[in-house]
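Novice: Got a structure for you, input.txt, holding compact mmCIF, C-alpha atoms.
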```
# COMPACT_ATOMS: atom_id res chain seq x y z
CA MET B 1 48.25 95.18 30.29
CA LYS B 2 50.19 93.71 27.38
CA GLU B 3 53.36 95.52 28.48
CA CYS B 4 52.92 94.13 31.99
CA SER B 5 52.76 90.55 30.64
CA ILE B 6 55.91 91.11 28.61
CA VAL B 7 57.70 92.41 31.67
CA LYS B 8 56.64 89.32 33.66
CA VAL B 9 57.93 86.96 30.97
CA LEU B 10 61.26 88.80 30.80
CA PHE B 11 61.56 88.72 34.60
CA ILE B 12 60.88 84.94 34.79
CA THR B 13 63.32 84.23 31.96
CA ALA B 14 66.05 86.29 33.65
CA ALA B 15 65.40 84.57 36.98
CA LEU B 16 65.68 81.10 35.46
CA GLY B 17 68.86 82.11 33.68
CA LEU B 18 70.34 83.35 36.93
CA LEU B 19 69.39 80.10 38.70
CA PHE B 20 71.04 78.07 35.94
CA CYS B 21 74.23 80.10 36.19
CA LEU B 22 74.27 79.61 39.95
CA GLY B 23 73.80 75.85 39.62
CA GLY B 24 70.21 75.96 40.78
CA ALA B 25 68.59 74.19 37.81
CA PRO B 26 66.65 70.98 38.58
CA ALA B 27 69.03 67.97 38.63
CA ALA B 28 68.63 65.21 36.06
CA SER B 29 67.06 62.01 37.42
CA ALA B 30 69.61 59.54 38.88
CA LYS B 31 70.54 56.48 36.84
CA PRO B 32 69.32 53.12 38.22
CA ILE B 33 71.71 51.12 40.38
CA GLN B 34 72.91 48.14 38.35
CA LEU B 35 73.25 44.70 39.97
CA SER B 36 74.23 41.34 38.50
CA TYR B 37 72.96 38.01 39.86
CA ALA B 38 74.53 34.59 39.09
CA CYS B 39 72.67 31.28 39.37
CA MET B 40 73.74 27.73 38.46
CA PHE B 41 70.25 26.32 37.80
CA PRO B 42 68.96 26.13 34.20
CA PRO B 43 66.39 28.82 33.29
CA THR B 44 63.42 26.42 33.26
CA HIS B 45 64.09 25.04 36.75
CA ILE B 46 61.96 26.41 39.59
CA GLN B 47 65.16 27.17 41.51
CA SER B 48 66.12 29.47 38.64
CA LYS B 49 62.69 31.03 38.32
CA LEU B 50 62.61 31.92 42.03
CA PRO B 51 65.82 34.00 42.06
CA GLU B 52 64.79 35.62 38.80
CA SER B 53 61.46 36.58 40.38
CA TRP B 54 63.46 38.00 43.33
CA CYS B 55 65.36 40.19 40.87
CA ARG B 56 62.15 41.46 39.29
CA GLU B 57 60.60 42.09 42.72
CA VAL B 58 63.59 44.20 43.75
CA GLU B 59 63.17 46.28 40.60
CA LYS B 60 59.43 46.64 41.20
CA ARG B 61 59.57 47.61 44.87
CA THR B 62 62.40 50.10 44.37
CA ASN B 63 60.36 51.73 41.57
CA GLY B 64 63.15 51.09 39.09
CA ALA B 65 65.86 52.58 41.28
CA VAL B 66 67.60 49.18 41.03
CA GLU B 67 67.99 47.10 37.88
CA VAL B 68 69.16 43.48 38.17
CA THR B 69 70.70 41.53 35.29
CA TYR B 70 70.09 37.84 35.88
CA TYR B 71 72.49 35.12 34.67
CA PRO B 72 71.00 31.59 34.97
CA GLY B 73 72.48 28.22 34.06
CA GLY B 74 76.06 29.10 35.01
CA THR B 75 76.34 31.63 32.18
CA LEU B 76 78.27 34.07 34.38
CA LEU B 77 79.67 31.74 37.04
CA GLY B 78 79.47 27.98 37.56
CA GLY B 79 78.05 26.64 40.82
CA ALA B 80 81.43 26.04 42.45
CA LYS B 81 82.64 29.54 41.49
CA ILE B 82 79.67 31.63 42.59
CA PHE B 83 80.73 32.31 46.18
CA SER B 84 84.26 33.38 45.25
CA GLY B 85 82.87 35.26 42.25
CA VAL B 86 80.57 37.31 44.48
CA LEU B 87 83.39 37.84 46.96
CA ASP B 88 85.59 39.18 44.15
CA GLY B 89 82.84 41.29 42.59
CA ILE B 90 82.51 39.30 39.36
CA ALA B 91 78.84 39.05 40.26
CA ASP B 92 77.13 41.38 42.72
CA ALA B 93 74.90 38.59 44.04
CA GLY B 94 74.49 34.88 43.54
CA THR B 95 73.10 31.60 44.79
CA SER B 96 74.73 28.18 44.95
CA VAL B 97 75.31 25.12 47.11
CA ILE B 98 77.34 25.42 50.30
CA GLY B 99 78.84 21.98 49.75
CA TYR B 100 80.25 22.88 46.33
CA THR B 101 83.15 24.66 48.00
CA PRO B 102 84.48 22.14 50.54
CA GLY B 103 86.51 23.54 53.40
CA ILE B 104 85.09 27.06 53.08
CA PHE B 105 82.06 26.50 55.32
CA PRO B 106 83.08 24.07 58.11
CA ALA B 107 80.22 25.11 60.40
CA MET B 108 77.46 25.42 57.80
CA GLN B 109 78.28 22.03 56.30
CA ALA B 110 76.76 20.43 59.39
CA ILE B 111 73.44 21.11 57.68
CA ASP B 112 74.36 18.64 54.91
CA LEU B 113 74.87 15.66 57.22
CA PRO B 114 72.55 12.62 56.84
CA MET B 115 70.25 13.60 59.71
CA GLY B 116 66.94 12.30 58.33
CA TYR B 117 65.33 15.53 57.15
CA PRO B 118 61.62 14.85 56.45
CA ASN B 119 61.02 17.63 53.91
CA ALA B 120 62.28 20.91 52.48
CA HIS B 121 60.20 23.10 54.81
CA VAL B 122 61.95 21.65 57.85
CA ALA B 123 65.38 21.79 56.22
CA THR B 124 64.95 25.44 55.22
CA LYS B 125 63.82 26.45 58.71
CA VAL B 126 66.73 24.56 60.26
CA ILE B 127 69.42 26.16 58.09
CA ASN B 128 68.20 29.70 58.80
CA ASP B 129 67.94 28.98 62.54
CA PHE B 130 71.43 27.51 62.47
CA TYR B 131 72.90 30.58 60.80
CA ASN B 132 71.14 32.96 63.17
CA GLU B 133 72.28 30.93 66.20
CA PHE B 134 75.96 30.46 65.32
CA LYS B 135 76.72 33.26 62.78
CA PRO B 136 79.60 31.33 61.11
CA LYS B 137 82.65 33.41 60.18
CA SER B 138 82.67 31.91 56.67
CA PHE B 139 79.95 34.37 55.69
CA SER B 140 81.49 37.43 57.36
CA LYS B 141 82.94 38.84 54.13
CA VAL B 142 79.64 38.82 52.23
CA LYS B 143 76.11 39.97 52.93
CA VAL B 144 73.91 36.92 53.52
CA LEU B 145 70.54 37.68 51.97
CA TYR B 146 68.97 34.37 52.98
CA LEU B 147 69.55 30.61 53.08
CA PHE B 148 67.47 27.62 52.04
CA ALA B 149 67.72 23.84 51.72
CA HIS B 150 66.17 21.10 49.60
CA GLY B 151 64.13 18.09 50.63
CA PRO B 152 65.67 14.78 51.76
CA GLY B 153 68.42 13.42 49.54
CA ILE B 154 67.81 9.72 48.91
CA LEU B 155 69.03 7.01 46.51
CA HIS B 156 68.02 6.76 42.84
CA SER B 157 69.53 3.90 40.85
CA LYS B 158 69.61 2.02 37.58
CA LYS B 159 69.33 -1.33 39.43
CA PRO B 160 67.00 -2.05 42.38
CA VAL B 161 68.42 -1.48 45.85
CA ARG B 162 66.29 -3.21 48.49
CA LYS B 163 68.91 -3.88 51.15
CA LEU B 164 72.29 -2.54 52.19
CA GLU B 165 74.20 -5.34 50.46
CA ASP B 166 72.79 -4.29 47.06
CA LEU B 167 74.98 -1.16 47.26
CA ASN B 168 78.27 -3.04 47.45
CA GLY B 169 80.57 -1.70 44.73
CA MET B 170 77.85 0.43 43.12
CA LYS B 171 79.14 3.66 41.53
CA ILE B 172 77.17 6.46 43.18
CA ARG B 173 77.16 10.05 41.99
CA SER B 174 77.60 12.24 45.06
CA TYR B 175 79.11 15.46 46.37
CA GLY B 176 80.14 16.89 49.74
CA PHE B 177 79.09 14.64 52.62
CA SER B 178 77.12 12.39 50.29
CA VAL B 179 80.52 11.22 49.01
CA GLN B 180 81.22 9.90 52.50
CA MET B 181 77.66 8.56 52.73
CA ALA B 182 78.07 6.60 49.50
CA GLU B 183 81.29 5.07 50.78
CA ALA B 184 79.82 4.29 54.21
CA LEU B 185 76.92 2.48 52.53
CA GLY B 186 79.33 0.27 50.60
CA GLY B 187 79.27 2.09 47.29
CA VAL B 188 81.98 3.72 45.20
CA PRO B 189 81.51 7.51 45.24
CA VAL B 190 81.67 9.39 41.94
CA ALA B 191 82.02 13.02 43.00
CA MET B 192 80.41 15.63 40.75
CA PRO B 193 77.85 18.46 40.89
CA GLN B 194 74.22 17.91 39.93
CA SER B 195 74.79 19.36 36.48
CA GLY B 196 76.92 16.33 35.51
CA ALA B 197 74.66 13.61 36.95
CA TYR B 198 72.39 13.00 33.93
CA GLU B 199 75.24 12.32 31.53
CA ALA B 200 77.13 10.24 34.12
CA LEU B 201 74.09 8.02 34.68
CA GLN B 202 73.30 7.84 30.99
CA LYS B 203 76.83 6.71 30.08
CA GLY B 204 77.29 4.37 33.05
CA VAL B 205 79.96 6.49 34.71
CA ALA B 206 77.58 6.34 37.68
CA GLU B 207 74.99 3.66 38.46
CA ALA B 208 73.12 5.64 41.08
CA THR B 209 72.84 9.09 42.59
CA ILE B 210 72.01 10.45 46.02
CA ALA B 211 69.70 13.43 45.57
CA PRO B 212 66.23 14.78 46.41
CA MET B 213 63.18 13.60 44.47
CA GLU B 214 63.09 16.85 42.54
CA VAL B 215 66.01 15.82 40.32
CA LEU B 216 63.84 13.12 38.74
CA LYS B 217 61.87 15.82 36.92
CA GLY B 218 63.80 19.07 37.42
CA TRP B 219 67.00 17.55 36.03
CA LYS B 220 65.18 14.81 34.00
CA GLN B 221 67.05 12.05 35.82
CA ALA B 222 64.01 9.75 35.86
CA GLU B 223 64.98 9.14 32.23
CA VAL B 224 68.29 7.54 33.24
CA VAL B 225 67.38 5.72 36.48
CA ASP B 226 64.64 3.16 37.11
CA TYR B 227 64.43 2.88 40.89
CA THR B 228 64.25 5.09 43.97
CA THR B 229 65.05 3.67 47.41
CA GLU B 230 63.11 5.69 49.98
CA CYS B 231 65.81 5.81 52.64
CA TYR B 232 64.38 8.86 54.38
CA ASP B 233 65.91 8.10 57.77
CA ILE B 234 69.32 8.99 56.34
CA GLY B 235 67.96 11.79 54.17
CA TYR B 236 70.52 14.56 53.89
CA THR B 237 69.87 18.08 52.64
CA ALA B 238 71.99 20.54 50.72
CA GLY B 239 72.29 24.01 52.16
CA PHE B 240 72.12 26.88 49.66
CA PHE B 241 73.21 30.47 50.10
CA VAL B 242 72.02 33.68 48.51
CA VAL B 243 74.70 36.31 49.09
CA MET B 244 75.72 39.75 47.91
CA ASN B 245 79.14 41.36 47.63
CA LEU B 246 79.61 43.22 50.91
CA ASP B 247 80.97 46.43 49.36
CA LYS B 248 78.06 46.50 46.92
CA TRP B 249 75.58 45.96 49.75
CA ASN B 250 77.14 48.72 51.86
CA SER B 251 76.97 51.10 48.90
CA LEU B 252 73.20 50.76 48.61
CA PRO B 253 71.01 53.46 50.15
CA LYS B 254 69.45 52.42 53.46
CA GLU B 255 65.91 52.48 52.10
CA ILE B 256 66.88 50.08 49.32
CA GLN B 257 68.60 47.77 51.82
CA GLN B 258 65.44 47.74 53.89
CA THR B 259 63.29 46.90 50.86
CA ILE B 260 65.59 44.03 49.90
CA GLU B 261 65.52 42.65 53.45
CA GLU B 262 61.72 42.63 53.36
CA ILE B 263 61.75 40.72 50.08
CA ASN B 264 64.30 38.25 51.48
CA GLU B 265 62.00 37.30 54.35
CA GLU B 266 59.18 36.55 51.92
CA TRP B 267 61.34 34.52 49.56
CA VAL B 268 62.58 32.08 52.25
CA GLY B 269 59.06 30.67 52.54
CA LYS B 270 58.73 30.49 48.77
CA TYR B 271 61.82 28.28 48.56
CA GLY B 272 60.48 25.82 51.13
CA ASP B 273 57.23 25.56 49.19
CA ALA B 274 59.03 25.24 45.86
CA TRP B 275 61.32 22.42 47.00
CA ALA B 276 58.42 20.51 48.57
CA ASN B 277 56.36 20.86 45.38
CA SER B 278 59.35 19.87 43.26
CA ASP B 279 59.87 16.71 45.29
CA ARG B 280 56.22 15.75 44.85
CA GLU B 281 56.34 16.46 41.13
CA GLY B 282 59.61 14.53 40.79
CA LYS B 283 58.08 11.45 42.36
CA GLU B 284 54.94 11.70 40.21
CA TYR B 285 57.05 12.14 37.08
CA ALA B 286 59.22 9.12 37.91
CA LEU B 287 56.14 6.95 38.50
CA SER B 288 54.69 8.12 35.18
CA GLN B 289 57.90 6.89 33.53
CA GLY B 290 57.38 3.46 35.06
CA ASN B 291 60.03 3.86 37.76
CA GLU B 292 59.66 1.88 40.99
CA MET B 293 59.67 3.35 44.50
CA ILE B 294 61.26 0.97 47.03
CA PRO B 295 60.41 1.57 50.70
CA LEU B 296 62.70 0.28 53.45
CA SER B 297 61.43 -1.66 56.43
CA GLU B 298 62.04 -0.21 59.87
CA GLU B 299 64.71 -2.84 60.52
CA GLU B 300 66.49 -2.25 57.20
CA SER B 301 66.32 1.51 57.63
CA ALA B 302 68.01 1.18 61.03
CA ARG B 303 70.90 -0.64 59.34
CA TRP B 304 71.36 2.27 56.93
CA VAL B 305 71.31 4.78 59.80
CA GLU B 306 73.98 2.79 61.63
CA ALA B 307 76.07 2.55 58.46
CA VAL B 308 76.24 6.32 57.95
CA SER B 309 76.65 7.29 61.63
CA PRO B 310 80.47 7.40 61.28
CA VAL B 311 80.01 10.25 58.77
CA VAL B 312 78.43 12.38 61.50
CA ASP B 313 80.99 11.27 64.08
CA GLN B 314 83.87 12.15 61.77
CA TYR B 315 82.40 15.59 61.09
CA VAL B 316 82.24 16.30 64.83
CA LYS B 317 85.83 15.13 65.29
CA ASP B 318 87.20 17.15 62.35
CA THR B 319 85.28 20.29 63.26
CA GLU B 320 86.26 20.25 66.91
CA ALA B 321 89.89 19.79 65.86
CA LYS B 322 89.51 23.21 64.20
CA GLY B 323 88.29 24.71 67.45
CA LEU B 324 84.62 24.73 66.46
CA PRO B 325 81.78 23.21 68.53
CA GLY B 326 80.94 20.35 66.17
CA GLN B 327 78.87 18.38 68.65
CA ALA B 328 76.86 21.48 69.53
CA TYR B 329 76.14 21.98 65.82
CA VAL B 330 74.90 18.41 65.43
CA ASP B 331 72.81 18.53 68.61
CA PHE B 332 71.23 21.83 67.55
CA ILE B 333 70.26 20.48 64.13
CA ARG B 334 68.80 17.26 65.54
CA ALA B 335 66.75 19.22 68.07
CA LYS B 336 65.43 21.58 65.38
CA ILE B 337 64.51 18.72 63.04
CA LYS B 338 62.55 17.13 65.87
CA GLU B 339 60.91 20.45 66.77
CA TYR B 340 59.81 21.31 63.24
CA SER B 341 58.76 17.74 62.38
CA LYS B 342 55.98 17.73 64.97
```
Mind turning the file's structure into structure tokens?

Specialist:
Amino acid sequence: MKECSIVKVLFITAALGLLFCLGGAPAASAKPIQLSYACMFPPTHIQSKLPESWCREVEKRTNGAVEVTYYPGGTLLGGAKIFSGVLDGIADAGTSVIGYTPGIFPAMQAIDLPMGYPNAHVATKVINDFYNEFKPKSFSKVKVLYLFAHGPGILHSKKPVRKLEDLNGMKIRSYGFSVQMAEALGGVPVAMPQSGAYEALQKGVAEATIAPMEVLKGWKQAEVVDYTTECYDIGYTAGFFVVMNLDKWNSLPKEIQQTIEEINEEWVGKYGDAWANSDREGKEYALSQGNEMIPLSEEESARWVEAVSPVVDQYVKDTEAKGLPGQAYVDFIRAKIKEYSK
């Protein structure tokens, strides 16, 4: 009996040795796929927490097969460099503002026009519908994970603005189409990204800013302005992208791609909720600081709409000169805003 057991042990040992020699030993577990993700928002901002939670969700749902290193606050790439950085593989994925790279997204920039967006939910639905409808070539060299947009961009100022004439000569921090908006309203545009607005307002480089309510708390700008003019009928939005390097995306196993796509669909809704909540919190924070909210009458609001209408007209003209259907873009967006605002 004992001899039989010894024989069995020797047989199993010899068999395992033969398997090893023939390359049949169990393979070592694969190393996790490493991804990097760049974001311009500071770590404490909800728009930094959301992409970070996306990263953690990808890790969780792939059971650790993917690991994502997250770089908030521009630590890997600044806002204006994120798209090109992802394109070049400096970051595998990233999120930033479409309007921070003027000229790159002629079709998508239609989203940023002063169309009178009522809230972030509507703006986020519109931008995704727009992309799905027109599939702009600007995004053809990256993998678009999803898009989102903030709530209506309105005027926040150090001095009260109750009528159009109060804007004459006022230095207004702006970017993208809001530069043209500021000029059309009679102000002097001071072009810069959101990250420079606080200091510009604090030092008097700018006397006002055009931005959503969320900046009053999220970027602490209620500390350096005293008034908000609720010019919602010319409320613009900023379109944001979340993209991945196309080669990196194509290298991922199909099952991981599918998991990421499922997460993307869920996160679009989270962004709409987050922006809407941030706008509400921004307004509440500004009021708690003693800031004044200034509504516009229907008649005064109509004057503001008329003042910025050339910005939309010029976009259509410039875009159609490039062979793109600018008027169709504008008509589509207006119809979608009306549809989702019901």

Novice: Which of these, B:Val205, B:Val268, B:Val305, B:Ala38, has the shortest distance to B:Cys55 once you count only C-alpha atoms?

Specialist: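 Going through B:Val205, B:Val268, B:Val305, B:Ala38 one by one, the smallest distance to B:Cys55 is for B:Ala38.
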
Novice: Could you jot down the atom CA of B:Met244 to atom CA of B:Asp279 separation for me, Å, one decimal place?

Specialist: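 Going from atom CA of B:Met244 over to atom CA of B:Asp279, I get 28.1 Å.
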
Novice: So the first atom is atom CA of B:Met213 and the second is atom CA of B:Glu230; what is the distance between them in Å, to one decimal place?

Specialist: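 Distance between the two atoms: 9.6 Å.
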
Novice: Report, in Å with one decimal, the straight-line distance from atom CA of B:Pro160 to atom CA of B:Tyr227.

Specialist: 5.8 Å

Novice: Which residue is closest to B:Ser36? Choose from B:Val190, B:Ala110, B:Val58, B:Ala93 and count only C-alpha atoms.

Specialist: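 Counting only C-alpha atoms, the residue closest to B:Ser36 is B:Ala93.
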
Novice: Find, counting only C-alpha atoms, the residue in B:Val215, B:Ala149, B:Leu77, B:Ala197 that gets nearest to B:Met108.

Specialist: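 The answer is B:Ala149, which sits nearest to B:Met108.
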
Novice: Please list as number ranges by chain every residue within 9 Å of B:Lys163, counting all atoms listed in the file and excluding residues in the same chain fewer than 3 positions away.

Specialist: B: 166-167, 296, 300-301, 304

Novice: Give me the residues near B:Met192 as a list in words, where near means some atom within 10 Å (using all atoms listed in the file) and where sequence neighbours in that chain fewer than 2 positions away do not count.

Specialist: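 Counting only the stated atoms, we get Tyr100, Arg173, Ser174, Tyr175, Gly176, Val179, Pro189, Val190, Gln194, Ser195, Gly196, Ala197 and Ala200 of chain B.
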